[in-house]
>>> print(open('upload03.csv').read())   # CSV, N, CA and C atoms
chain,number,residue,atom,x,y,z
Z,1400,MET,N,0.8,-1.2,0.0
Z,1400,MET,CA,0.0,0.0,0.0
Z,1400,MET,C,0.9,1.3,0.0
Z,1401,THR,N,2.0,1.2,0.8
Z,1401,THR,CA,2.8,2.4,0.8
Z,1401,THR,C,3.4,2.7,-0.6
Z,1402,LYS,N,3.8,1.6,-1.3
Z,1402,LYS,CA,4.4,1.8,-2.6
Z,1402,LYS,C,3.4,2.4,-3.6
Z,1403,TYR,N,2.2,2.1,-3.5
Z,1403,TYR,CA,1.2,2.7,-4.3
Z,1403,TYR,C,1.1,4.2,-4.1
Z,1404,TRP,N,1.0,4.6,-2.9
Z,1404,TRP,CA,0.9,6.0,-2.6
Z,1404,TRP,C,2.2,6.8,-2.8
Z,1405,GLU,N,3.3,6.1,-2.6
Z,1405,GLU,CA,4.6,6.7,-2.9
Z,1405,GLU,C,4.7,7.0,-4.4
Z,1406,GLY,N,4.2,6.0,-5.2
Z,1406,GLY,CA,4.2,6.2,-6.6
Z,1406,GLY,C,3.3,7.3,-7.1
Z,1407,ILE,N,2.2,7.5,-6.5
Z,1407,ILE,CA,1.3,8.6,-6.8
Z,1407,ILE,C,2.0,9.9,-6.4
Z,1408,TRP,N,2.6,9.9,-5.2
Z,1408,TRP,CA,3.2,11.1,-4.7
Z,1408,TRP,C,4.3,11.5,-5.7
Z,1409,GLY,N,5.1,10.6,-6.2
Z,1409,GLY,CA,6.2,10.9,-7.1
Z,1409,GLY,C,5.8,11.3,-8.5
Z,1410,ARG,N,4.6,10.9,-8.9
Z,1410,ARG,CA,4.1,11.3,-10.2
Z,1410,ARG,C,3.0,12.2,-10.2
Z,1411,ALA,N,2.7,12.8,-9.0
Z,1411,ALA,CA,1.5,13.6,-8.9
Z,1411,ALA,C,1.4,14.8,-9.9
Z,1412,ALA,N,2.5,15.3,-10.3
Z,1412,ALA,CA,2.4,16.5,-11.2
Z,1412,ALA,C,2.0,16.0,-12.6
Z,1413,GLN,N,2.2,14.7,-12.9
Z,1413,GLN,CA,1.8,14.2,-14.3
Z,1413,GLN,C,0.4,13.6,-14.3
Z,1414,ILE,N,-0.2,13.5,-13.1
Z,1414,ILE,CA,-1.5,12.8,-13.1
Z,1414,ILE,C,-2.6,13.8,-13.1
Z,1415,ASP,N,-3.6,13.6,-14.0
Z,1415,ASP,CA,-4.8,14.5,-14.1
Z,1415,ASP,C,-5.7,14.1,-12.9
Z,1416,PRO,N,-5.9,15.0,-12.0
Z,1416,PRO,CA,-6.8,14.6,-10.8
Z,1416,PRO,C,-8.2,14.2,-11.2
Z,1417,VAL,N,-8.7,14.8,-12.2
Z,1417,VAL,CA,-10.1,14.5,-12.7
Z,1417,VAL,C,-10.2,13.1,-13.2
Z,1418,ALA,N,-9.2,12.8,-14.0
Z,1418,ALA,CA,-9.1,11.4,-14.6
Z,1418,ALA,C,-8.9,10.4,-13.5
Z,1419,PHE,N,-8.1,10.7,-12.5
Z,1419,PHE,CA,-7.8,9.8,-11.4
Z,1419,PHE,C,-9.0,9.5,-10.6
Z,1420,VAL,N,-9.8,10.6,-10.3
Z,1420,VAL,CA,-11.0,10.4,-9.5
Z,1420,VAL,C,-12.0,9.6,-10.3
Z,1421,ALA,N,-12.1,9.9,-11.6
Z,1421,ALA,CA,-13.1,9.2,-12.5
Z,1421,ALA,C,-12.8,7.7,-12.5
Z,1422,GLU,N,-11.5,7.4,-12.6
Z,1422,GLU,CA,-11.1,6.0,-12.7
Z,1422,GLU,C,-11.4,5.3,-11.4
Z,1423,LYS,N,-11.2,5.9,-10.3
Z,1423,LYS,CA,-11.5,5.3,-9.0
Z,1423,LYS,C,-13.0,5.2,-8.8
Z,1424,LEU,N,-13.8,6.2,-9.2
Z,1424,LEU,CA,-15.3,6.1,-9.0
Z,1424,LEU,C,-15.9,5.2,-10.0
Z,1425,GLY,N,-15.3,5.1,-11.2
Z,1425,GLY,CA,-15.9,4.2,-12.2
Z,1425,GLY,C,-16.8,5.0,-13.2
Z,1426,TYR,N,-16.8,6.3,-13.1
Z,1426,TYR,CA,-17.6,7.1,-14.1
Z,1426,TYR,C,-16.9,8.5,-14.1
Z,1427,ASP,N,-17.1,9.2,-15.3
Z,1427,ASP,CA,-16.4,10.5,-15.4
Z,1427,ASP,C,-17.3,11.7,-15.7
Z,1428,HIS,N,-18.5,11.5,-15.4
Z,1428,HIS,CA,-19.5,12.6,-15.6
Z,1428,HIS,C,-20.5,12.5,-14.5
Z,1429,PRO,N,-21.2,13.6,-14.2
Z,1429,PRO,CA,-22.2,13.6,-13.1
Z,1429,PRO,C,-23.3,12.6,-13.5
Z,1430,LEU,N,-23.8,11.9,-12.5
Z,1430,LEU,CA,-24.9,10.9,-12.7
Z,1430,LEU,C,-26.0,11.3,-11.8
Z,1431,SER,N,-27.2,11.0,-12.2
Z,1431,SER,CA,-28.4,11.2,-11.3
Z,1431,SER,C,-28.3,10.1,-10.3
Z,1432,TYR,N,-29.0,10.2,-9.2
Z,1432,TYR,CA,-29.0,9.2,-8.1
Z,1432,TYR,C,-29.3,7.9,-8.7
Z,1433,GLU,N,-30.4,7.8,-9.5
Z,1433,GLU,CA,-30.8,6.5,-10.1
Z,1433,GLU,C,-29.8,5.9,-11.0
Z,1434,GLU,N,-29.1,6.7,-11.8
Z,1434,GLU,CA,-28.0,6.2,-12.7
Z,1434,GLU,C,-26.9,5.7,-11.8
Z,1435,TRP,N,-26.5,6.4,-10.8
Z,1435,TRP,CA,-25.5,6.1,-9.9
Z,1435,TRP,C,-25.7,4.7,-9.2
Z,1436,LEU,N,-27.0,4.5,-8.8
Z,1436,LEU,CA,-27.3,3.2,-8.2
Z,1436,LEU,C,-27.1,2.1,-9.2
Z,1437,GLU,N,-27.5,2.3,-10.5
Z,1437,GLU,CA,-27.3,1.3,-11.5
Z,1437,GLU,C,-25.8,1.1,-11.8
Z,1438,VAL,N,-25.0,2.1,-12.0
Z,1438,VAL,CA,-23.6,2.0,-12.3
Z,1438,VAL,C,-22.9,1.2,-11.3
Z,1439,ASN,N,-23.2,1.5,-10.0
Z,1439,ASN,CA,-22.5,0.9,-8.9
Z,1439,ASN,C,-23.1,-0.4,-8.4
Z,1440,HIS,N,-24.2,-0.9,-9.1
Z,1440,HIS,CA,-24.9,-2.1,-8.8
Z,1440,HIS,C,-25.4,-2.1,-7.3
Z,1441,PHE,N,-26.0,-0.9,-6.9
Z,1441,PHE,CA,-26.5,-0.7,-5.6
Z,1441,PHE,C,-28.0,-0.8,-5.5
Z,1442,THR,N,-28.6,-1.2,-6.6
Z,1442,THR,CA,-30.1,-1.1,-6.7
Z,1442,THR,C,-30.7,-2.1,-5.7
Z,1443,GLU,N,-30.0,-3.2,-5.4
Z,1443,GLU,CA,-30.6,-4.2,-4.5
Z,1443,GLU,C,-30.3,-3.9,-3.0
Z,1444,LEU,N,-29.5,-2.9,-2.7
Z,1444,LEU,CA,-29.0,-2.6,-1.4
Z,1444,LEU,C,-30.1,-1.7,-0.7
Z,1445,PRO,N,-30.1,-1.8,0.7
Z,1445,PRO,CA,-31.0,-0.9,1.4
Z,1445,PRO,C,-30.6,0.5,1.2
Z,1446,GLU,N,-31.5,1.5,1.2
Z,1446,GLU,CA,-31.2,2.9,0.9
Z,1446,GLU,C,-30.4,3.6,1.9
Z,1447,THR,N,-30.3,3.0,3.1
Z,1447,THR,CA,-29.7,3.7,4.2
Z,1447,THR,C,-28.3,4.1,3.9
Z,1448,GLY,N,-28.0,5.4,3.9
Z,1448,GLY,CA,-26.7,6.0,3.7
Z,1448,GLY,C,-26.3,6.2,2.2
Z,1449,LEU,N,-27.0,5.6,1.3
Z,1449,LEU,CA,-26.6,5.7,-0.1
Z,1449,LEU,C,-26.8,7.1,-0.7
Z,1450,LEU,N,-27.8,7.8,-0.3
Z,1450,LEU,CA,-27.9,9.2,-0.8
Z,1450,LEU,C,-26.8,10.0,-0.3
Z,1451,ASP,N,-26.3,9.8,0.9
Z,1451,ASP,CA,-25.2,10.6,1.4
Z,1451,ASP,C,-23.9,10.2,0.7
Z,1452,LEU,N,-23.7,8.9,0.4
Z,1452,LEU,CA,-22.6,8.5,-0.4
Z,1452,LEU,C,-22.6,9.1,-1.8
Z,1453,TRP,N,-23.8,9.1,-2.5
Z,1453,TRP,CA,-23.9,9.7,-3.8
Z,1453,TRP,C,-23.6,11.2,-3.7
Z,1454,ASN,N,-24.0,11.9,-2.7
Z,1454,ASN,CA,-23.7,13.3,-2.6
Z,1454,ASN,C,-22.2,13.5,-2.4
Z,1455,GLU,N,-21.6,12.7,-1.6
Z,1455,GLU,CA,-20.1,12.8,-1.4
Z,1455,GLU,C,-19.4,12.5,-2.7
Z,1456,GLU,N,-19.7,11.5,-3.4
Z,1456,GLU,CA,-19.1,11.2,-4.7
Z,1456,GLU,C,-19.3,12.2,-5.7
Z,1457,SER,N,-20.5,12.8,-5.8
Z,1457,SER,CA,-20.8,13.8,-6.7
Z,1457,SER,C,-20.0,15.1,-6.5
Z,1458,ALA,N,-19.8,15.4,-5.2
Z,1458,ALA,CA,-19.0,16.6,-4.8
Z,1458,ALA,C,-17.5,16.3,-5.1
Z,1459,LEU,N,-17.1,15.1,-4.9
Z,1459,LEU,CA,-15.7,14.7,-5.2
Z,1459,LEU,C,-15.4,14.9,-6.7
Z,1460,LEU,N,-16.3,14.4,-7.5
Z,1460,LEU,CA,-16.1,14.5,-8.9
Z,1460,LEU,C,-16.1,15.9,-9.4
Z,1461,GLU,N,-17.1,16.7,-8.8
Z,1461,GLU,CA,-17.2,18.1,-9.2
Z,1461,GLU,C,-16.0,18.9,-8.8
Z,1462,ASN,N,-15.3,18.6,-7.7
Z,1462,ASN,CA,-14.2,19.4,-7.2
Z,1462,ASN,C,-12.9,18.7,-7.5
Z,1463,ALA,N,-12.8,17.7,-8.3
Z,1463,ALA,CA,-11.6,16.9,-8.5
Z,1463,ALA,C,-10.5,17.8,-9.1
Z,1464,ALA,N,-10.8,18.7,-9.9
Z,1464,ALA,CA,-9.8,19.6,-10.5
Z,1464,ALA,C,-9.0,20.3,-9.5
Z,1465,ALA,N,-9.6,20.6,-8.3
Z,1465,ALA,CA,-8.9,21.4,-7.3
Z,1465,ALA,C,-8.1,20.5,-6.3
Z,1466,LEU,N,-8.1,19.2,-6.5
Z,1466,LEU,CA,-7.4,18.3,-5.6
Z,1466,LEU,C,-5.9,18.4,-5.8
Z,1467,SER,N,-5.2,18.3,-4.7
Z,1467,SER,CA,-3.7,18.2,-4.8
Z,1467,SER,C,-3.4,16.7,-4.5
Z,1468,LEU,N,-3.1,16.0,-5.6
Z,1468,LEU,CA,-2.7,14.6,-5.4
Z,1468,LEU,C,-1.4,14.4,-4.6
Z,1469,GLU,N,-0.6,15.4,-4.8
Z,1469,GLU,CA,0.7,15.3,-4.0
Z,1469,GLU,C,0.4,15.4,-2.5
Z,1470,ALA,N,-0.5,16.3,-2.1
Z,1470,ALA,CA,-0.8,16.4,-0.7
Z,1470,ALA,C,-1.5,15.2,-0.2
Z,1471,ILE,N,-2.5,14.7,-1.0
Z,1471,ILE,CA,-3.2,13.5,-0.6
Z,1471,ILE,C,-2.3,12.3,-0.4
Z,1472,ALA,N,-1.4,12.1,-1.4
Z,1472,ALA,CA,-0.5,11.0,-1.4
Z,1472,ALA,C,0.4,11.1,-0.2
Z,1473,LEU,N,1.0,12.2,0.1
Z,1473,LEU,CA,1.9,12.4,1.2
Z,1473,LEU,C,1.1,12.1,2.5
Z,1474,GLN,N,-0.1,12.6,2.6
Z,1474,GLN,CA,-0.9,12.3,3.8
Z,1474,GLN,C,-1.1,10.8,4.0
Z,1475,ARG,N,-1.4,10.1,2.9
Z,1475,ARG,CA,-1.6,8.6,3.0
Z,1475,ARG,C,-0.3,7.9,3.4
Z,1476,VAL,N,0.8,8.3,2.8
Z,1476,VAL,CA,2.1,7.7,3.1
Z,1476,VAL,C,2.4,7.9,4.6
Z,1477,ASN,N,2.3,9.1,5.1
Z,1477,ASN,CA,2.5,9.4,6.5
Z,1477,ASN,C,1.6,8.6,7.4
Z,1478,ALA,N,0.3,8.5,7.1
Z,1478,ALA,CA,-0.6,7.8,7.9
Z,1478,ALA,C,-0.2,6.3,7.9
Z,1479,ILE,N,0.1,5.7,6.8
Z,1479,ILE,CA,0.5,4.3,6.7
Z,1479,ILE,C,1.8,4.1,7.5
Z,1480,ASN,N,2.7,4.9,7.4
Z,1480,ASN,CA,4.0,4.8,8.1
Z,1480,ASN,C,3.8,4.9,9.6
Z,1481,ALA,N,2.9,5.8,10.0
Z,1481,ALA,CA,2.5,5.9,11.5
Z,1481,ALA,C,1.9,4.6,12.0
Z,1482,ILE,N,1.0,4.0,11.2
Z,1482,ILE,CA,0.4,2.8,11.6
Z,1482,ILE,C,1.4,1.7,11.7
Z,1483,LEU,N,2.3,1.6,10.7
Z,1483,LEU,CA,3.3,0.5,10.7
Z,1483,LEU,C,4.3,0.7,11.9
Z,1484,LYS,N,4.6,1.9,12.3
Z,1484,LYS,CA,5.5,2.1,13.5
Z,1484,LYS,C,4.9,1.5,14.8
Z,1485,GLN,N,3.6,1.5,14.8
Z,1485,GLN,CA,2.9,0.9,16.0
Z,1485,GLN,C,3.2,-0.6,16.1
Z,1486,TYR,N,3.5,-1.2,15.0
Z,1486,TYR,CA,3.8,-2.7,15.0
Z,1486,TYR,C,5.2,-3.1,15.1
Z,1487,GLU,N,6.1,-2.1,15.2
Z,1487,GLU,CA,7.5,-2.4,15.3
Z,1487,GLU,C,7.9,-2.8,16.7
>>> encode(input="upload03.csv", output="structure tokens")
Amino acid sequence: MTKYWEGIWGRAAQIDPVAFVAEKLGYDHPLSYEEWLEVNHFTELPETGLLDLWNEESALLENAAALSLEAIALQRVNAINAILKQYE
């Protein structure tokens, strides 16, 4: 896991944050709630919490261009290293 985030950190300047978020979410354009349920195969799940998750993903996709992948990756690397130190 650390190598993944270190790789992102090292290449952050070359990574398009919008494309990165779209790849992780599985879609690259705003979806209606109903479309989102279908795309994510959530139609059979209980509704509890799904609307909140859709709102969070929609906001993430909308604001992806402003993300600093370098800062996010560095935060993840530091968090993983802190956890690993607990097991030394």
>>> atom_distance(input="upload03.csv", atom1="atom CA of Leu1430 of chain Z", atom2="atom CA of Leu1452 of chain Z")
12.7 Å
>>> closest_residue(input="upload03.csv", among="Z:Leu1473, Z:Ile1482, Z:Pro1445, Z:Asn1462", to="Glu1405 of chain Z", atoms="all atoms listed in the file")
Z:Leu1473
>>> residues_around(input="upload03.csv", residues="Leu1460 of chain Z", least_positions_apart="5", cutoff="8 Å", atoms="all atoms listed in the file", output="ChimeraX atom specification")
/Z:1417,1420-1421,1426-1429,1454-1455
>>> atom_distance(input="upload03.csv", atom1="atom CA of Leu1449 of chain Z", atom2="atom C of Leu1466 of chain Z")
24.9 Å
>>> atom_distance(input="upload03.csv", atom1="atom N of Glu1437 of chain Z", atom2="atom CA of Ile1471 of chain Z")
28.5 Å
>>> select_by_dssp(input="upload03.csv", residues="segment 1408-1447 of chain Z", states="helix (DSSP H, G or I)", output="PyMOL selection string")
chain Z and resi 1408-1413+1416-1424+1432-1438
>>> residues_around(input="upload03.csv", residues="segment 1407-1414 of chain Z", least_positions_apart="3", cutoff="6.5 Å", atoms="only N, CA and C atoms", output="NGL selection string")
:Z and (1402-1404 or 1417 or 1419 or 1468-1469 or 1472-1473)
